[in-house]
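These notes are about the structure you will find just below.
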Amino acid sequence: SGHLEPSNEPYAIAKISGIKLCESYNRQYGTDFRCAMPTNLYGINDNFHSENSHVIPALIKRFHQAKINNSSEVIVWGDGTAMREFLYVDDMAEASIFILEIDKKSFQKNVDPMVSHINIGCSKDVSILELAKTIKKVTGFKGKIKFDQSKPNGTPRKLVDTSLINSLGWKHKTNLTEGLKKTYAWYTDQIIPSTGPESFNGLPGTILGLATEDGGVVYFAKIVTEKYSDLDELSPKIKKNKTYTEKELLEELKMKSKSNPWMSKIINYLFEW
């Protein structure tokens, strides 16, 4: 009803143009295009890139790395007062199917042909401060949250009116905390170990080091015991005097590591590399 927020104006105009194109086709040619307008989305398979991800994946990655690195604080842009609404991706998928399955007569009865888009959201927003605190708890980070007020807040508030889709019978199922837990569990499961057994600073025994792609963090065994072994004992217990093809070796190693999912991931990653 007012001016578009300057930093979002080009993006908003592109969306509005698409909606108006669909409305024009519907009126002129009797087509049945339906436009869904979601709020901010997040969830599994999101983009967690350090430079161009949205706020939730960016914060999840930042808090996770801070936890692993034992950092004392996490920096968040702005002052924390901006309000945002977030919808879990599975709820968005269900809402899209729901809109598609409304019969044409009911859809036309409930939707204004000149303002035909249907908002999809959860009708509840949170401050960036509340969001950061929730992600801190979900990831298990123990340090402090620090806001960089030299960075922009963006639009003060983004909250969509979902009364139309709610009146038609749809409502979101996943609350923010539950959705963040699912997203964080998925994210941590995607971290690929990239190094194998190695010694560390001359300590006795073999220590398994696992480097992650998002920060180069290496985990070492908590307990190291001193043990002297002869060469035969340290050698892998696989068939002697046998030459393996690459495929045979991969199958042999997979079979021996079935009970250890992390080792299976390492083996798969090494053979892909």
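Following the order of the structure tokens, chains are lettered A, B, ..., residues in each are numbered from 1, and ligands are numbered from 1.
Neighbours of Lys104 in chain A closer than or equal to 12 Å, with only C-alpha atoms counted and sequence neighbours fewer than 3 positions away skipped, come out as Asn26, Gly30, Thr31, Asp32, Phe33, Arg34, Ile99, Leu100, Glu101, Phe107, Gln108, Lys109, Asn110 and Val111 of chain A.
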task = Can you work out which one of A:Met114, A:Leu180, A:Leu159, A:Cys122 has the shortest atom-to-atom distance to Lys20 in chain A, counting only C-alpha atoms?
result = A:Met114
inquiry  = Residues near Leu253 in chain A, anyone? I mean within 10 Å using only C-alpha atoms, not counting same-chain ones fewer than 4 positions away, as a PyMOL selection string.
reply    = chain A and resi 238+248-249+257-258+263-264+267-268
remark   = CA of His117 in chain A to CA of Tyr29 in chain A measures 18.0 Å
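Nearest to Gly80 in chain A of all the residues A:Lys146, A:Lys256, A:Lys158, A:His49 is A:Lys146, based on only C-alpha atoms.
Here CA of Asp189 in chain A stands at a distance of 28.8 Å from CA of Ile120 in chain A.
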task = Excluding Asp161 in chain A and residues on its chain fewer than 6 positions from it, collect all residues at most 12 Å away from it, counting only C-alpha atoms, and give them as a PyMOL selection string.
result = chain A and resi 37-39+85+117-125+167
query = If we count only C-alpha atoms, what is near Asn175 in chain A at a cut-off of 9 Å, once residues fewer than 3 positions away on the same chain are taken out, given as a PyMOL selection string?
reply = chain A and resi 87-88+122+172+178-180
message = Can you tell me which residues surround Arg62 in chain A at a distance of at most 12 Å, considering only C-alpha atoms, apart from same-chain residues fewer than 3 positions away, and format the answer as a ChimeraX atom specification?
response = /A:48-51,53,55-59,65-71,73-77,132,135-136,139,141,145,184,214-215
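Note that CA of Ala14 in chain A and CA of Lys171 in chain A are 27.2 Å apart.
Nearest residue to Lys142 in chain A among A:Thr183, A:Ser259, A:Ser7, A:Ser72 is A:Ser72, counting only C-alpha atoms.
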inquiry  = Which of range 27-187 of chain A end up as strand (DSSP E) when DSSP is run on this backbone - answer as a count of residues only?
reply    = 30
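With distances restricted to only C-alpha atoms, A:Asn45 is the closest residue to Lys182 in chain A from A:Gln149, A:Asn45, A:Ser106, A:Ser17.
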